[in-house]
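Have a look at start.txt below; it lists compact mmCIF, C-alpha atoms.
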```
# COMPACT_ATOMS: atom_id res chain seq x y z
CA GLN Y 198 -30.32 31.22 -25.00
CA LEU Y 199 -30.45 34.18 -27.35
CA PRO Y 200 -30.70 33.59 -31.11
CA LEU Y 201 -28.12 34.64 -33.69
CA VAL Y 202 -27.06 38.26 -33.22
CA TRP Y 203 -26.17 41.14 -35.48
CA ASN Y 204 -24.04 44.21 -35.05
CA ILE Y 205 -25.97 47.48 -34.79
CA PRO Y 206 -25.56 49.40 -38.07
CA PRO Y 207 -25.46 53.19 -37.79
CA ALA Y 208 -28.82 54.77 -38.53
CA PRO Y 209 -28.50 56.78 -41.75
CA PRO Y 210 -30.09 60.21 -42.10
CA GLU Y 211 -32.99 60.42 -44.52
CA SER Y 212 -30.67 61.63 -47.29
CA ILE Y 213 -29.06 58.17 -47.56
CA MET Y 214 -32.09 56.00 -46.91
CA ASN Y 215 -33.02 53.20 -49.29
CA GLU Y 216 -35.34 53.80 -52.22
CA GLY Y 217 -38.17 52.26 -50.28
CA GLY Y 218 -37.74 54.76 -47.47
CA HIS Y 219 -36.51 52.18 -44.95
CA HIS Y 220 -33.17 52.01 -43.15
CA ASP Y 221 -31.03 48.88 -43.44
CA SER Y 222 -31.22 47.06 -40.12
CA VAL Y 223 -29.40 43.74 -40.26
CA ASP Y 224 -26.26 43.86 -42.40
CA ASP Y 225 -22.96 45.14 -41.00
CA LYS Y 226 -22.03 48.53 -42.41
CA VAL Y 227 -18.64 50.16 -42.86
CA VAL Y 228 -18.50 53.77 -41.71
CA ASP Y 229 -16.15 55.59 -44.12
CA ASP Y 230 -15.48 59.07 -45.43
CA SER Y 231 -18.77 59.02 -47.34
CA THR Y 232 -20.75 58.86 -44.09
CA PRO Y 233 -22.16 62.34 -43.34
CA SER Y 234 -20.63 64.22 -40.44
CA ASN Y 235 -22.65 65.02 -37.32
CA ALA Y 236 -23.08 68.56 -38.57
CA ALA Y 237 -24.88 67.17 -41.61
CA CYS Y 238 -26.83 64.69 -39.50
CA SER Y 239 -28.17 67.24 -37.02
CA SER Y 240 -30.81 68.71 -39.31
CA SER Y 241 -34.39 68.70 -38.16
CA SER Y 242 -35.32 65.90 -40.56
CA SER Y 243 -32.43 63.72 -39.42
CA ILE Y 244 -33.30 64.24 -35.77
CA LYS Y 245 -36.87 63.16 -36.53
CA HIS Y 246 -35.50 60.15 -38.38
CA TYR Y 247 -33.31 59.04 -35.46
CA ALA Y 248 -36.22 59.60 -33.08
CA LYS Y 249 -38.56 57.55 -35.25
CA ILE Y 250 -36.16 54.58 -35.34
CA LEU Y 251 -35.68 54.80 -31.56
CA GLN Y 252 -39.40 54.88 -30.86
CA GLU Y 253 -40.16 52.03 -33.27
CA THR Y 254 -37.32 49.66 -32.34
CA GLY Y 255 -36.34 50.85 -28.86
CA LEU Y 256 -32.81 51.89 -29.82
CA VAL Y 257 -30.74 53.77 -32.39
CA ARG Y 258 -27.00 53.98 -33.04
CA ILE Y 259 -25.31 57.31 -33.75
CA ASP Y 260 -21.60 57.48 -34.58
CA ASN Y 261 -18.98 60.09 -33.68
CA VAL Y 262 -20.76 61.66 -30.71
CA LEU Y 263 -17.46 61.84 -28.80
CA SER Y 264 -14.06 62.62 -30.29
CA PRO Y 265 -11.38 59.89 -29.98
CA GLU Y 266 -9.17 62.21 -27.94
CA THR Y 267 -11.92 62.98 -25.44
CA ALA Y 268 -13.02 59.33 -25.26
CA LYS Y 269 -9.47 58.12 -24.49
CA GLU Y 270 -8.92 60.75 -21.83
CA LEU Y 271 -12.32 60.15 -20.24
CA LYS Y 272 -11.65 56.42 -19.97
CA LEU Y 273 -8.27 57.06 -18.33
CA GLN Y 274 -9.81 59.51 -15.86
CA LEU Y 275 -12.75 57.27 -14.93
CA ILE Y 276 -10.68 54.09 -14.54
CA LYS Y 277 -8.34 56.06 -12.28
CA TYR Y 278 -11.32 57.41 -10.32
CA ARG Y 279 -12.69 53.86 -9.99
CA ASP Y 280 -9.37 52.63 -8.58
CA GLU Y 281 -9.08 55.55 -6.16
CA SER Y 282 -12.68 55.01 -5.00
CA ILE Y 283 -12.08 51.32 -4.24
CA LYS Y 284 -8.98 52.17 -2.18
CA LEU Y 285 -10.88 54.82 -0.21
CA ILE Y 286 -13.83 52.51 0.44
CA ASP Y 287 -11.48 49.78 1.69
CA SER Y 288 -9.48 52.16 3.89
CA PRO Y 289 -10.31 52.05 7.63
CA LYS Y 290 -9.53 55.79 7.79
CA SER Y 291 -12.31 56.65 5.33
CA ASN Y 292 -16.03 56.96 5.95
CA LEU Y 293 -16.75 56.55 2.24
CA LYS Y 294 -19.38 53.90 1.51
CA HIS Y 295 -19.66 51.76 -1.62
CA GLU Y 296 -22.98 53.35 -2.57
CA ASP Y 297 -21.36 56.80 -2.47
CA ARG Y 298 -19.33 56.03 -5.57
CA PHE Y 299 -20.95 52.94 -7.11
CA ALA Y 300 -24.48 51.90 -8.08
CA HIS Y 301 -25.82 48.34 -7.96
CA VAL Y 302 -25.03 46.29 -11.06
CA LEU Y 303 -26.07 42.76 -12.01
CA LEU Y 304 -23.25 40.16 -11.71
CA ASP Y 305 -20.70 42.53 -10.25
CA LYS Y 306 -17.59 40.34 -10.51
CA ASN Y 307 -15.14 42.48 -12.52
CA ARG Y 308 -18.04 44.79 -13.38
CA TYR Y 309 -18.64 48.26 -11.93
CA ASP Y 310 -21.29 50.96 -12.25
CA LEU Y 311 -19.30 54.06 -11.33
CA LYS Y 312 -21.26 57.19 -10.46
CA VAL Y 313 -19.76 60.20 -12.25
CA PRO Y 314 -19.62 63.71 -10.74
CA LEU Y 315 -20.67 66.43 -13.18
CA TYR Y 316 -19.65 69.50 -11.20
CA ASP Y 317 -17.98 68.74 -7.88
CA GLY Y 318 -16.92 65.45 -6.36
CA ASP Y 319 -17.12 64.95 -2.61
CA SER Y 320 -15.04 65.76 0.45
CA ASN Y 321 -12.94 62.63 -0.07
CA ASP Y 322 -11.20 64.14 -3.12
CA ASP Y 323 -7.79 65.05 -1.69
CA ASP Y 324 -6.01 65.77 -4.98
CA LYS Y 325 -7.70 68.97 -6.13
CA ALA Y 326 -5.64 69.25 -9.31
CA SER Y 327 -6.57 65.71 -10.35
CA SER Y 328 -10.20 66.37 -9.45
CA SER Y 329 -10.22 69.56 -11.52
CA GLN Y 330 -8.77 67.76 -14.54
CA ARG Y 331 -11.34 64.98 -14.21
CA GLN Y 332 -14.22 67.45 -14.05
CA ARG Y 333 -12.93 69.29 -17.11
CA VAL Y 334 -12.90 66.07 -19.15
CA ILE Y 335 -16.33 64.98 -17.89
CA GLN Y 336 -17.90 68.32 -18.73
CA GLN Y 337 -16.25 68.42 -22.15
CA SER Y 338 -17.58 64.90 -22.81
CA ILE Y 339 -21.13 65.85 -21.83
CA LYS Y 340 -20.90 68.93 -24.03
CA GLU Y 341 -19.80 66.90 -27.06
CA ILE Y 342 -22.48 64.26 -26.51
CA ILE Y 343 -25.45 66.43 -25.56
CA ILE Y 344 -24.81 69.69 -27.41
CA GLU Y 345 -22.46 68.99 -30.32
CA SER Y 346 -24.02 65.70 -31.49
CA PRO Y 347 -27.64 64.74 -32.25
CA VAL Y 348 -28.07 62.98 -28.86
CA GLY Y 349 -29.53 65.91 -26.95
CA PHE Y 350 -31.82 66.89 -29.81
CA VAL Y 351 -33.14 63.34 -30.22
CA THR Y 352 -33.81 63.16 -26.48
CA GLN Y 353 -35.54 66.53 -26.59
CA ASP Y 354 -37.67 65.48 -29.57
CA ILE Y 355 -39.02 62.44 -27.71
CA ILE Y 356 -39.32 63.43 -24.03
CA GLY Y 357 -38.82 67.19 -24.12
CA ILE Y 358 -36.34 69.88 -23.15
CA ASN Y 359 -37.59 69.68 -19.53
CA SER Y 360 -36.51 66.03 -19.22
CA THR Y 361 -34.34 65.64 -16.14
CA LEU Y 362 -30.88 64.12 -15.73
CA TYR Y 363 -31.55 60.74 -14.14
CA GLU Y 364 -28.27 58.88 -14.54
CA LEU Y 365 -24.66 59.87 -15.02
CA ALA Y 366 -22.25 56.98 -14.68
CA CYS Y 367 -19.81 54.64 -16.37
CA LEU Y 368 -20.23 50.90 -16.78
CA ILE Y 369 -16.83 49.21 -16.53
CA SER Y 370 -16.52 45.56 -17.55
CA GLU Y 371 -13.11 43.96 -17.12
CA PRO Y 372 -11.91 40.63 -18.57
CA GLY Y 373 -13.53 37.87 -16.51
CA SER Y 374 -16.92 39.55 -16.10
CA GLU Y 375 -19.85 37.21 -16.77
CA ARG Y 376 -22.83 37.62 -19.06
CA GLN Y 377 -25.82 39.14 -17.33
CA ASN Y 378 -29.36 37.80 -17.45
CA VAL Y 379 -31.64 39.57 -19.89
CA HIS Y 380 -33.51 42.41 -18.18
CA PRO Y 381 -35.07 45.84 -18.69
CA ASP Y 382 -33.70 48.78 -16.71
CA HIS Y 383 -37.22 50.04 -16.05
CA PRO Y 384 -40.66 48.43 -16.17
CA CYS Y 385 -43.46 49.38 -18.51
CA ILE Y 386 -45.80 51.64 -16.58
CA ASN Y 387 -49.50 51.08 -17.06
CA ASN Y 388 -50.63 54.69 -17.23
CA ASN Y 389 -54.30 53.76 -16.92
CA ASN Y 390 -53.69 52.57 -13.36
CA ASN Y 391 -51.25 55.22 -12.18
CA ASP Y 392 -52.47 58.79 -12.09
CA LYS Y 393 -49.10 60.14 -10.92
CA ASN Y 394 -47.41 58.66 -13.97
CA LYS Y 395 -50.09 59.55 -16.48
CA LEU Y 396 -48.76 60.25 -19.97
CA GLU Y 397 -52.00 61.37 -21.56
CA GLY Y 398 -52.88 57.75 -22.23
CA ASN Y 399 -49.78 57.09 -24.35
CA ASN Y 400 -47.94 53.98 -23.14
CA ASN Y 401 -45.47 54.27 -26.02
CA VAL Y 402 -43.67 57.29 -24.55
CA PRO Y 403 -40.42 56.29 -22.78
CA SER Y 404 -40.06 56.93 -19.09
CA VAL Y 405 -36.25 57.10 -19.41
CA LEU Y 406 -33.89 57.40 -22.38
CA THR Y 407 -30.31 56.20 -21.91
CA CYS Y 408 -27.27 56.90 -24.06
CA PHE Y 409 -24.35 54.43 -23.92
CA VAL Y 410 -21.10 55.86 -25.36
CA ALA Y 411 -18.16 53.57 -26.18
CA LEU Y 412 -14.90 54.90 -24.72
CA GLN Y 413 -12.89 52.45 -26.84
CA ASN Y 414 -13.49 50.20 -29.81
CA ILE Y 415 -15.71 47.34 -28.62
CA ASP Y 416 -15.32 43.92 -30.20
CA ILE Y 417 -17.23 40.71 -29.55
CA THR Y 418 -14.69 39.42 -27.00
CA MET Y 419 -15.27 42.38 -24.68
CA GLY Y 420 -18.84 41.46 -23.80
CA PRO Y 421 -20.79 44.09 -25.72
CA THR Y 422 -24.34 44.88 -24.70
CA VAL Y 423 -27.07 42.82 -26.37
CA TRP Y 424 -30.43 44.50 -27.02
CA ILE Y 425 -33.66 42.88 -28.20
CA PRO Y 426 -35.42 45.45 -30.41
CA LYS Y 427 -39.15 46.10 -30.13
CA THR Y 428 -39.41 44.69 -26.57
CA HIS Y 429 -40.00 48.11 -24.96
CA ASN Y 430 -43.72 47.53 -24.56
CA ILE Y 431 -46.21 46.05 -22.10
CA GLU Y 432 -46.99 43.03 -24.28
CA CYS Y 433 -43.37 41.84 -24.38
CA HIS Y 434 -42.85 42.58 -20.68
CA GLU Y 435 -45.91 40.50 -19.78
CA ARG Y 436 -44.63 37.57 -21.85
CA PHE Y 437 -41.18 37.97 -20.30
CA GLN Y 438 -42.51 37.92 -16.73
CA ARG Y 439 -45.46 35.53 -17.03
CA THR Y 440 -45.38 32.57 -14.60
CA ARG Y 441 -48.89 31.07 -14.80
CA ILE Y 442 -49.17 27.38 -13.86
CA GLU Y 443 -50.04 26.34 -17.44
CA ASP Y 444 -46.88 28.12 -18.61
CA ILE Y 445 -44.75 26.36 -16.00
CA LEU Y 446 -46.08 22.97 -17.17
CA ASP Y 447 -45.20 23.80 -20.76
CA CYS Y 448 -41.82 22.61 -22.06
CA ILE Y 449 -40.79 26.12 -23.04
CA SER Y 450 -41.69 29.13 -20.88
CA PRO Y 451 -43.15 32.31 -22.43
CA LYS Y 452 -39.89 34.05 -21.48
CA ASP Y 453 -37.77 31.53 -23.40
CA LYS Y 454 -40.16 31.61 -26.35
CA LEU Y 455 -39.83 35.38 -26.46
CA LEU Y 456 -36.02 35.30 -26.29
CA GLN Y 457 -35.81 32.60 -28.96
CA SER Y 458 -38.20 34.26 -31.36
CA MET Y 459 -37.00 37.89 -31.25
CA PRO Y 460 -33.91 38.97 -33.22
CA ASN Y 461 -31.32 40.86 -31.22
CA VAL Y 462 -28.44 43.23 -31.89
CA VAL Y 463 -24.99 43.52 -30.35
CA GLY Y 464 -23.21 46.73 -29.39
CA ILE Y 465 -20.01 46.21 -31.35
CA LEU Y 466 -19.13 49.87 -31.57
CA PRO Y 467 -16.22 52.06 -32.66
CA MET Y 468 -14.80 54.46 -30.10
CA GLY Y 469 -16.98 57.54 -29.63
CA SER Y 470 -20.14 55.95 -31.03
CA CYS Y 471 -23.30 55.61 -28.99
CA VAL Y 472 -26.58 53.76 -28.70
CA ILE Y 473 -29.59 55.65 -27.38
CA PHE Y 474 -32.20 53.26 -26.05
CA ASP Y 475 -35.54 53.20 -24.32
CA SER Y 476 -34.75 51.89 -20.81
CA ARG Y 477 -37.69 49.46 -21.04
CA ILE Y 478 -36.02 47.46 -23.82
CA LEU Y 479 -34.80 43.97 -22.88
CA HIS Y 480 -31.02 43.78 -22.89
CA CYS Y 481 -27.97 42.41 -21.08
CA GLY Y 482 -24.24 42.94 -20.73
CA GLY Y 483 -22.11 40.24 -22.32
CA ALA Y 484 -19.21 38.27 -20.83
CA ASN Y 485 -15.82 39.91 -21.27
CA VAL Y 486 -13.62 37.02 -22.44
CA ALA Y 487 -10.83 39.14 -23.90
CA PHE Y 488 -7.34 37.82 -23.15
CA SER Y 489 -5.38 39.89 -20.66
CA ASP Y 490 -1.93 39.00 -19.32
CA ASP Y 491 -0.66 42.39 -18.11
CA ASP Y 492 -1.97 45.77 -16.94
CA ASP Y 493 -1.75 47.36 -20.40
CA SER Y 494 -3.78 44.65 -22.12
CA ARG Y 495 -6.24 44.60 -19.22
CA HIS Y 496 -6.87 48.32 -19.62
CA GLU Y 497 -7.14 47.96 -23.41
CA ASN Y 498 -9.64 45.10 -23.09
CA THR Y 499 -11.69 46.73 -20.34
CA ARG Y 500 -15.02 47.82 -21.80
CA ALA Y 501 -16.01 51.26 -20.53
CA LEU Y 502 -19.42 52.69 -21.43
CA PHE Y 503 -19.98 56.25 -20.32
CA TYR Y 504 -23.70 56.82 -20.04
CA VAL Y 505 -26.25 59.50 -19.40
CA SER Y 506 -30.01 59.05 -18.91
CA PHE Y 507 -32.87 61.52 -18.97
CA LYS Y 508 -36.26 60.98 -17.32
CA ASN Y 509 -39.54 62.00 -18.87
CA PRO Y 510 -40.82 64.99 -16.83
CA GLN Y 511 -44.32 63.48 -16.84
CA ILE Y 512 -43.06 60.41 -14.97
CA GLU Y 513 -42.65 60.77 -11.22
CA TYR Y 514 -40.83 57.48 -10.60
CA PRO Y 515 -39.89 55.14 -13.47
CA GLY Y 516 -39.58 52.02 -11.30
CA ASN Y 517 -35.86 51.89 -10.48
CA ILE Y 518 -33.41 54.27 -8.83
CA GLY Y 519 -31.00 55.90 -11.28
CA SER Y 520 -27.21 55.51 -11.14
CA ILE Y 521 -26.40 59.04 -10.05
CA GLY Y 522 -24.89 60.79 -7.06
CA TYR Y 523 -23.08 63.89 -5.79
CA GLY Y 524 -26.36 65.72 -5.16
CA LEU Y 525 -27.48 65.42 -8.78
CA ASP Y 526 -30.14 62.90 -7.75
CA VAL Y 527 -32.12 65.57 -5.89
CA ARG Y 528 -31.33 68.52 -8.14
CA ASP Y 529 -33.70 67.70 -11.05
CA LEU Y 530 -31.25 69.17 -13.55
CA GLN Y 531 -33.10 69.64 -16.82
CA LEU Y 532 -31.79 69.08 -20.34
CA GLY Y 533 -32.32 72.76 -21.14
CA GLU Y 534 -30.21 73.75 -18.13
CA LEU Y 535 -27.40 71.50 -19.33
CA TYR Y 536 -27.46 73.27 -22.68
CA GLU Y 537 -26.98 76.59 -20.90
CA ASN Y 538 -24.44 75.40 -18.33
CA LEU Y 539 -22.13 73.62 -20.77
CA SER Y 540 -22.45 75.74 -23.89
CA ASN Y 541 -19.62 78.10 -22.85
CA ILE Y 542 -17.10 75.41 -21.86
```

Target format structure tokens, applied to this file:
Amino acid sequence: QLPLVWNIPPAPPESIMNEGGHHDSVDDKVVDDSTPSNAACSSSSSIKHYAKILQETGLVRIDNVLSPETAKELKLQLIKYRDESIKLIDSPKSNLKHEDRFAHVLLDKNRYDLKVPLYDGDSNDDDKASSSQRQRVIQQSIKEIIIESPVGFVTQDIIGINSTLYELACLISEPGSERQNVHPDHPCINNNNNDKNKLEGNNNVPSVLTCFVALQNIDITMGPTVWIPKTHNIECHERFQRTRIEDILDCISPKDKLLQSMPNVVGILPMGSCVIFDSRILHCGGANVAFSDDDDSRHENTRALFYVSFKNPQIEYPGNIGSIGYGLDVRDLQLGELYENLSNI
């Protein structure tokens, strides 16, 4: 069981920090007209501030990285693409496999990890006009998130402009999906024992940074993601995984002690807001218990998280395969290339 949870407050830029120089981290905040725009938040000092919070806690929230119009359209396009993909996979006339369009996801009842094409889909796309519209919305979304918001700059500040696109997908959680077990997406790599993954002796540098973007307002009934801050380190991972005989004989396992003692935060997010997190942080998807009695309410209560991950160029293999397809998995597309490719859209 996880302890009492808090919503994730948006990380303020340094200009609105407390007198003591610390950001508020536990009380719910209201984002209003007084909150600085992204243009004001993209200064060098603000980028450093976001990066510092992310490195210290394992995650940071940034609001308004995607416009409401783009978020709504992207959700419509990706839900439609999900439905079309399922029909094609189930069709005896199609050679499309499940892994061509979907990645593995924990507790997959009413939950999907849809791989998203950035440039071209595959040969199974019969409706070229629909495919073209989908690609336009996807590329516009990536541009807003990576170029027009602080997300790309924060990523660059921590793991560099040569970091490579490692995941491009959408997590879709419909009413009826169950809560996942707590897990990290990637293990903590012991750099002292792995020359190929050597990070100049710094185990605090992330192997992968992931950005979850809410494509609708997310409330507590929709099963928002739960993160446990400051668990993106070897010490917490060892406690989480330890199964020594003396621990088994104890009434409470080291894993349960860790989960009960560490505060956690919940991704109750407004549409277009994001959480960037170190993929080693312990987290889980919640159960979507929102009421749904027709197609409209089901779509409204379906939680869609568009996400993009970048891999540290100094890491050869972070420990898990990324949710990516359509040739992007072998292309090693760098963050700097994305800047160039999408800047003129």

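Minimum distance to Lys245 of chain Y across Y:Ser327, Y:Gln353, Y:Ser282, Y:Ser291 (counting all atoms listed in the file) occurs at Y:Gln353.
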
task: Between Y:Tyr247, Y:Gly533, Y:Gly524, Y:Ile205, single out the one closest to Val463 of chain Y, counting only C-alpha atoms.
output: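 Using only C-alpha atoms, Val463 of chain Y sits closest to Y:Ile205.
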
- request: Considering only C-alpha atoms, state which residue in the set Y:Ile542, Y:Val402, Y:Leu362, Y:Ile417 is at the smallest distance from Val527 of chain Y.
  value: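 For Val527 of chain Y, the nearest of the given residues is Y:Leu362.
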
message: My list of candidates is Y:Val334, Y:Ile415, Y:Val302, Y:Val505. Which is closest to Ser264 of chain Y when distances are computed with only C-alpha atoms?
response: Y:Val334

- request: Just give me the residues with any atom within 9 Å of (-13.0, 55.5, -14.9), file coordinates, counting all atoms listed in the file, written as a PyMOL selection string.
  value: chain Y and resi 271-280+311+313+367-369+501+503

message: What does the structure give for the distance between atom CA of Glu341 of chain Y and atom CA of Phe409 of chain Y, in Å to one decimal?
response: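 Taking atom CA of Glu341 of chain Y as the start and atom CA of Phe409 of chain Y as the end point, the length is 13.6 Å.
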
task: Would you mind reading off the distance between atom CA of Leu263 of chain Y and atom CA of Gly357 of chain Y, one decimal, in Å?
output: 22.5 Å

- prompt: Which is closer to Glu345 of chain Y than all the others in Y:Ile244, Y:His480, Y:Val262, Y:Gln438, using all atoms listed in the file?
  reply: Y:Val262

message: Please compute the atom CA of Arg298 of chain Y-atom CA of Leu315 of chain Y distance, one decimal, in Å.
response: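 Rounded to one decimal, the two atoms are 13.0 Å apart.
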
task: Can you work out which one of Y:Leu256, Y:Met468, Y:Cys433, Y:Ile343 has the shortest atom-to-atom distance to Ile358 of chain Y, counting all atoms listed in the file?
output: Y:Ile343

message: (-17.5, 37.2, -19.4) in this file's frame - what residues fall within 6 Å of it? Use all atoms listed in the file and give the answer as a PyMOL selection string.
response: chain Y and resi 373-376+484-486

message: Which residues are close to Tyr523 of chain Y, i.e. within 12 Å by all atoms listed in the file, leaving aside same-chain residues fewer than 6 positions away? Reply as a PyMOL selection string.
response: chain Y and resi 296-299+311-321+364-366

- request: For Thr428 of chain Y, please output as a PyMOL selection string all residues within 8 Å (counting only C-alpha atoms; exclusion window: fewer than 4 positions along the same chain).
  value: chain Y and resi 254-255+433-434+477-479

message: What's around Gly516 of chain Y at 10 Å? Count all atoms listed in the file, leave out sequence neighbours fewer than 3 positions away in its own chain, and write the answer as a PyMOL selection string.
response: chain Y and resi 382-386+404+512-513+519

Could you write out the selected residues, including C-alpha atoms, as an mmCIF file, keeping the file's coordinate frame?
```cif
data_model
loop_
_atom_site.group_PDB
_atom_site.id
_atom_site.type_symbol
_atom_site.label_atom_id
_atom_site.label_comp_id
_atom_site.auth_asym_id
_atom_site.auth_seq_id
_atom_site.Cartn_x
_atom_site.Cartn_y
_atom_site.Cartn_z
ATOM 1 C CA ASP Y 382 -33.700 48.780 -16.710
ATOM 2 C CA HIS Y 383 -37.220 50.040 -16.050
ATOM 3 C CA PRO Y 384 -40.660 48.430 -16.170
ATOM 4 C CA CYS Y 385 -43.460 49.380 -18.510
ATOM 5 C CA ILE Y 386 -45.800 51.640 -16.580
ATOM 6 C CA SER Y 404 -40.060 56.930 -19.090
ATOM 7 C CA ILE Y 512 -43.060 60.410 -14.970
ATOM 8 C CA GLU Y 513 -42.650 60.770 -11.220
ATOM 9 C CA GLY Y 519 -31.000 55.900 -11.280
#
```
